[in-house]
Structures are given as structure tokens and as C-alpha cells.
Amino acid sequence: VQVAESGGGLVPPGGSLKLSCAAPDANFRYYNMAWYRQAPGQERNLVARIDVERTITYADSVKGRFTLSRDDAKRIVYLQMNNLRIEDTAVYYCNADNEYLQGANYWGPGTQVTVSS
């Protein structure tokens with residue numbers, strides 16, 4: 001499965017961006033989908049995750065500002081990011097993990113999000 005992110009860019013503090021992640025697999029609905037981010041010199045950390053039951057979890061640092069959703073018909077997940085902060089600057093990676101097939105775990109190449117004035 002080729003996972004591909006889009007929507008990154010440069011925004012000022014307080015701005016918004018909407019990231020998209022396409023995973024064109026016929027079994028998309030069986031994938032747990034997640035966004036991670038990695039800032040320079042730091043570990044890759046979970047931002048938000050939506051499972052096959054549509055249960056969503058968020059990192060504490062983004063709760064109330066980011067919204068994750070999925071469209072199984074389009075095979076896309078979206079991450080709406082509002083009220084962005086400088087500390088949100090990172091490369092954002094999409095991950096697709098098949099709930100029913102062990103080892104079927106895929107990463108996209110990442111998209112850069114920079115929050116700066």
C-alpha cells in the first residue's frame with residue numbers, strides 16, 4: 001500500500017492547515033490510521049489515531065485543536081489542525097496498520113508543517 005500525505009506548508013502561529021493521507025487499498029476500511037510527527041532531533045510521536053471502529057485518540061498536546069476523520073469511500077484520512085503553535089512544527093507522517101493482517105503496516109514519506117511568524 002502506497003501511503004501518501006499532502007497539505008503541509010508554512011503558516012503563522014494561530015493558523016490552520018488540513019493534512020490528507022491517501023491509502024488506495026481496497027481494504028482501506030480494515031486499516032487503523034494514524035498521524036505521527038517528528039521534530040528535528042526528537043522521536044516520532046503519535047498525534048492522533050482513528051481505528052476501524054472510528055474510535056479516535058489524540059495526543060494531549062493537540063486535544064481541542066486537531067480533528068482527525070476518515071472517509072472510507074475515498075480511502076483518505078484528514079487531520080484538521082487549528083490554532084497551530086510553533087511547537088507543532090515537524091514532519092507529519094501517516095501510518096496505515098491493518099487490523100486483521102499482521103505485518104501490514106505502512107508509512108508515508110511525510111509532509112513538512114512549519115509554524116512560524
# chains A, B, ... in the order shown; residues from 1 in each chain; ligands from 1
>>> residues_around(residues="Phe66 (chain A)", least_positions_apart="2", cutoff="10 Å", atoms="only C-alpha atoms", output="list in words")
Ser16, Leu17, Lys18, Val47, Ala48, Tyr58, Ala59, Ser61, Val62, Lys63, Gly64, Leu68, Leu79, Gln80, Met81, Asn82, Asn83 and Leu84 of chain A
>>> select_by_dssp(residues="chain A", states="helix (DSSP H, G or I)", output="ChimeraX atom specification")
/A:28-30,60-62,86-88
>>> residues_around(residues="Ile86 (chain A)", least_positions_apart="6", cutoff="10 Å", atoms="only C-alpha atoms", output="PyMOL selection string")
chain A and resi 11-14+113-117
>>> residues_around(residues="Tyr106 (chain A)", least_positions_apart="3", cutoff="8 Å", atoms="only C-alpha atoms", output="JSON, numbers by chain")
{"A": [1, 2, 3, 95, 96, 97]}
>>> write_last_selection(atoms="N, CA and C atoms", output="PDB file, in the first residue's frame")
ATOM      1  N   VAL A   1       0.852  -1.183   0.000  1.00  0.00           N
ATOM      2  CA  VAL A   1       0.000   0.000   0.000  1.00  0.00           C
ATOM      3  C   VAL A   1       0.891   1.239   0.000  1.00  0.00           C
ATOM      4  N   GLN A   2       0.683   2.108  -0.967  1.00  0.00           N
ATOM      5  CA  GLN A   2       1.455   3.357  -1.010  1.00  0.00           C
ATOM      6  C   GLN A   2       0.684   4.445  -0.282  1.00  0.00           C
ATOM      7  N   VAL A   3       1.198   4.820   0.850  1.00  0.00           N
ATOM      8  CA  VAL A   3       0.583   5.859   1.651  1.00  0.00           C
ATOM      9  C   VAL A   3       1.194   7.194   1.259  1.00  0.00           C
ATOM     10  N   ASN A  95       0.382   6.780   8.995  1.00  0.00           N
ATOM     11  CA  ASN A  95       0.619   5.351   9.163  1.00  0.00           C
ATOM     12  C   ASN A  95      -0.685   4.591   8.952  1.00  0.00           C
ATOM     13  N   ALA A  96      -0.578   3.519   8.210  1.00  0.00           N
ATOM     14  CA  ALA A  96      -1.729   2.627   7.979  1.00  0.00           C
ATOM     15  C   ALA A  96      -1.384   1.251   8.515  1.00  0.00           C
ATOM     16  N   ASP A  97      -2.221   0.760   9.402  1.00  0.00           N
ATOM     17  CA  ASP A  97      -1.949  -0.518  10.053  1.00  0.00           C
ATOM     18  C   ASP A  97      -3.187  -1.403   9.934  1.00  0.00           C
TER      19      ASP A  97
END
>>> closest_residue(among="A:Ser6, A:Tyr36, A:Arg85, A:Tyr30", to="Trp107 (chain A)", atoms="only C-alpha atoms")
A:Tyr36
>>> residues_around(residues="Asn45 (chain A)", least_positions_apart="3", cutoff="10 Å", atoms="only C-alpha atoms", output="number ranges by chain")
A: 35-39, 42, 48, 59, 92-93
>>> write_last_selection(atoms="N, CA and C atoms", output="CSV table (one decimal), in the first residue's frame")
chain,number,residue,atom,x,y,z
A,35,TRP,N,-1.7,9.6,12.5
A,35,TRP,CA,-0.7,10.6,12.2
A,35,TRP,C,0.3,10.6,13.3
A,36,TYR,N,1.6,10.7,12.9
A,36,TYR,CA,2.7,10.9,13.8
A,36,TYR,C,3.4,12.1,13.4
A,37,ARG,N,4.2,12.7,14.2
A,37,ARG,CA,5.1,13.8,13.8
A,37,ARG,C,6.5,13.6,14.5
A,38,GLN,N,7.4,14.2,13.8
A,38,GLN,CA,8.8,14.2,14.3
A,38,GLN,C,9.5,15.5,14.0
A,39,ALA,N,9.9,16.1,15.1
A,39,ALA,CA,10.6,17.4,15.0
A,39,ALA,C,12.1,17.1,15.0
A,42,GLN,N,14.2,14.9,17.6
A,42,GLN,CA,13.3,14.3,18.5
A,42,GLN,C,12.7,13.0,18.0
A,48,ALA,N,-2.5,11.6,16.5
A,48,ALA,CA,-3.9,11.2,16.5
A,48,ALA,C,-4.0,9.9,15.8
A,59,ALA,N,-3.1,13.0,21.0
A,59,ALA,CA,-2.1,13.3,22.0
A,59,ALA,C,-2.6,14.5,22.8
A,92,TYR,N,5.2,15.5,9.5
A,92,TYR,CA,4.0,14.7,9.8
A,92,TYR,C,3.9,13.5,8.9
A,93,TYR,N,3.8,12.3,9.6
A,93,TYR,CA,3.8,11.1,8.9
A,93,TYR,C,2.4,10.4,9.1
>>> closest_residue(among="A:Glu99, A:Gly110, A:Glu5, A:Thr89", to="Ile50 (chain A)", atoms="only C-alpha atoms")
A:Glu99
>>> closest_residue(among="A:Leu46, A:Cys94, A:Leu10, A:Leu19", to="Thr67 (chain A)", atoms="only C-alpha atoms")
A:Leu19
>>> select_by_dssp(residues="chain A", states="strand (DSSP E or B)", output="PyMOL selection string")
chain A and resi 4-6+9-11+17-22+31-38+45-50+56-58+66-71+76-81+90-98+105-107+111-115
>>> atom_distance(atom1="CA of Gln112 (chain A)", atom2="CA of Val52 (chain A)")
26.6 Å
>>> decode(residues="chain A", atoms="C-alpha atoms", output="mmCIF file, in the first residue's frame")
data_model
loop_
_atom_site.group_PDB
_atom_site.id
_atom_site.type_symbol
_atom_site.label_atom_id
_atom_site.label_comp_id
_atom_site.auth_asym_id
_atom_site.auth_seq_id
_atom_site.Cartn_x
_atom_site.Cartn_y
_atom_site.Cartn_z
ATOM 1 C CA VAL A 1 0.000 0.000 0.000
ATOM 2 C CA GLN A 2 1.455 3.357 -1.010
ATOM 3 C CA VAL A 3 0.583 5.859 1.651
ATOM 4 C CA ALA A 4 0.859 9.498 0.589
ATOM 5 C CA GLU A 5 0.486 12.632 2.686
ATOM 6 C CA SER A 6 -0.326 16.113 1.429
ATOM 7 C CA GLY A 7 -1.297 19.509 2.760
ATOM 8 C CA GLY A 8 1.772 20.585 4.679
ATOM 9 C CA GLY A 9 3.156 24.096 4.490
ATOM 10 C CA LEU A 10 4.168 27.255 6.297
ATOM 11 C CA VAL A 11 1.634 29.031 8.496
ATOM 12 C CA PRO A 12 1.843 31.693 11.216
ATOM 13 C CA PRO A 13 1.004 30.891 14.828
ATOM 14 C CA GLY A 14 -2.736 30.606 15.231
ATOM 15 C CA GLY A 15 -3.184 29.492 11.653
ATOM 16 C CA SER A 16 -4.732 26.315 10.272
ATOM 17 C CA LEU A 17 -3.786 23.513 7.936
ATOM 18 C CA LYS A 18 -5.563 20.405 6.761
ATOM 19 C CA LEU A 19 -3.441 17.348 6.074
ATOM 20 C CA SER A 20 -4.647 14.498 3.927
ATOM 21 C CA CYS A 21 -3.424 10.927 3.769
ATOM 22 C CA ALA A 22 -4.402 8.681 0.894
ATOM 23 C CA ALA A 23 -4.031 4.920 1.178
ATOM 24 C CA PRO A 24 -5.511 3.478 -2.002
ATOM 25 C CA ASP A 25 -6.141 -0.053 -0.833
ATOM 26 C CA ALA A 26 -9.396 -1.867 -1.480
ATOM 27 C CA ASN A 27 -9.357 -2.935 2.171
ATOM 28 C CA PHE A 28 -8.862 0.598 3.490
ATOM 29 C CA ARG A 29 -11.724 0.142 5.959
ATOM 30 C CA TYR A 30 -9.662 -2.547 7.721
ATOM 31 C CA TYR A 31 -6.814 -0.181 8.464
ATOM 32 C CA ASN A 32 -6.250 1.731 11.647
ATOM 33 C CA MET A 33 -4.977 5.108 10.503
ATOM 34 C CA ALA A 34 -2.736 7.423 12.446
ATOM 35 C CA TRP A 35 -0.712 10.603 12.182
ATOM 36 C CA TYR A 36 2.678 10.892 13.804
ATOM 37 C CA ARG A 37 5.093 13.788 13.845
ATOM 38 C CA GLN A 38 8.808 14.154 14.260
ATOM 39 C CA ALA A 39 10.619 17.382 15.020
ATOM 40 C CA PRO A 40 14.378 17.712 14.381
ATOM 41 C CA GLY A 41 16.371 15.786 16.949
ATOM 42 C CA GLN A 42 13.267 14.283 18.512
ATOM 43 C CA GLU A 43 11.462 10.962 18.410
ATOM 44 C CA ARG A 44 8.484 10.286 16.217
ATOM 45 C CA ASN A 45 5.355 10.623 18.339
ATOM 46 C CA LEU A 46 1.702 9.826 17.886
ATOM 47 C CA VAL A 47 -0.508 12.819 17.130
ATOM 48 C CA ALA A 48 -3.870 11.174 16.506
ATOM 49 C CA ARG A 49 -5.270 7.770 15.623
ATOM 50 C CA ILE A 50 -8.583 6.514 14.298
ATOM 51 C CA ASP A 51 -9.246 2.810 14.350
ATOM 52 C CA VAL A 52 -11.524 0.649 12.231
ATOM 53 C CA GLU A 53 -14.363 1.297 14.699
ATOM 54 C CA ARG A 54 -13.780 5.037 14.335
ATOM 55 C CA THR A 55 -12.519 5.364 17.869
ATOM 56 C CA ILE A 56 -10.224 8.388 17.939
ATOM 57 C CA THR A 57 -7.371 9.171 20.285
ATOM 58 C CA TYR A 58 -5.321 12.362 20.414
ATOM 59 C CA ALA A 59 -2.074 13.346 21.999
ATOM 60 C CA ASP A 60 -2.718 15.640 24.936
ATOM 61 C CA SER A 61 -0.806 18.433 23.228
ATOM 62 C CA VAL A 62 -3.271 18.609 20.322
ATOM 63 C CA LYS A 63 -6.596 17.921 22.034
ATOM 64 C CA GLY A 64 -9.117 20.623 21.246
ATOM 65 C CA ARG A 65 -7.064 21.934 18.324
ATOM 66 C CA PHE A 66 -6.721 18.990 15.915
ATOM 67 C CA THR A 67 -9.523 16.899 14.448
ATOM 68 C CA LEU A 68 -8.994 13.546 12.785
ATOM 69 C CA SER A 69 -11.502 11.991 10.417
ATOM 70 C CA ARG A 70 -11.635 9.270 7.785
ATOM 71 C CA ASP A 71 -13.556 8.741 4.575
ATOM 72 C CA ASP A 72 -13.507 5.054 3.797
ATOM 73 C CA ALA A 73 -15.173 5.554 0.418
ATOM 74 C CA LYS A 74 -12.381 7.903 -0.699
ATOM 75 C CA ARG A 75 -9.723 5.955 1.241
ATOM 76 C CA ILE A 76 -8.442 9.116 2.859
ATOM 77 C CA VAL A 77 -7.889 10.366 6.377
ATOM 78 C CA TYR A 78 -7.808 14.031 7.240
ATOM 79 C CA LEU A 79 -6.123 15.919 10.038
ATOM 80 C CA GLN A 80 -7.577 19.375 10.533
ATOM 81 C CA MET A 81 -5.124 21.435 12.547
ATOM 82 C CA ASN A 82 -6.311 24.690 14.063
ATOM 83 C CA ASN A 83 -4.687 27.231 16.338
ATOM 84 C CA LEU A 84 -1.267 25.987 15.335
ATOM 85 C CA ARG A 85 1.669 26.666 17.602
ATOM 86 C CA ILE A 86 5.358 26.970 16.908
ATOM 87 C CA GLU A 87 5.885 23.688 18.742
ATOM 88 C CA ASP A 88 3.673 21.918 16.187
ATOM 89 C CA THR A 89 6.455 22.351 13.648
ATOM 90 C CA ALA A 90 7.522 18.899 12.480
ATOM 91 C CA VAL A 91 7.386 16.406 9.668
ATOM 92 C CA TYR A 92 3.986 14.728 9.823
ATOM 93 C CA TYR A 93 3.773 11.077 8.850
ATOM 94 C CA CYS A 94 0.732 8.982 8.083
ATOM 95 C CA ASN A 95 0.619 5.351 9.163
ATOM 96 C CA ALA A 96 -1.729 2.627 7.979
ATOM 97 C CA ASP A 97 -1.949 -0.518 10.053
ATOM 98 C CA ASN A 98 -4.175 -3.401 9.007
ATOM 99 C CA GLU A 99 -6.237 -4.521 11.965
ATOM 100 C CA TYR A 100 -6.559 -8.080 10.663
ATOM 101 C CA LEU A 101 -3.315 -8.722 8.815
ATOM 102 C CA GLN A 102 -0.184 -8.882 10.922
ATOM 103 C CA GLY A 103 2.743 -7.095 9.379
ATOM 104 C CA ALA A 104 0.659 -4.982 7.020
ATOM 105 C CA ASN A 105 1.897 -1.647 8.350
ATOM 106 C CA TYR A 106 2.796 1.201 6.024
ATOM 107 C CA TRP A 107 4.252 4.686 6.326
ATOM 108 C CA GLY A 108 4.087 7.652 4.036
ATOM 109 C CA PRO A 109 7.156 9.768 3.211
ATOM 110 C CA GLY A 110 5.932 12.646 5.403
ATOM 111 C CA THR A 111 4.894 16.243 4.879
ATOM 112 C CA GLN A 112 6.538 19.261 6.473
ATOM 113 C CA VAL A 113 4.491 21.551 8.684
ATOM 114 C CA THR A 114 6.197 24.752 9.753
ATOM 115 C CA VAL A 115 4.593 27.208 12.137
ATOM 116 C CA SER A 116 6.471 30.464 12.190
ATOM 117 C CA SER A 117 5.902 34.186 12.228
#
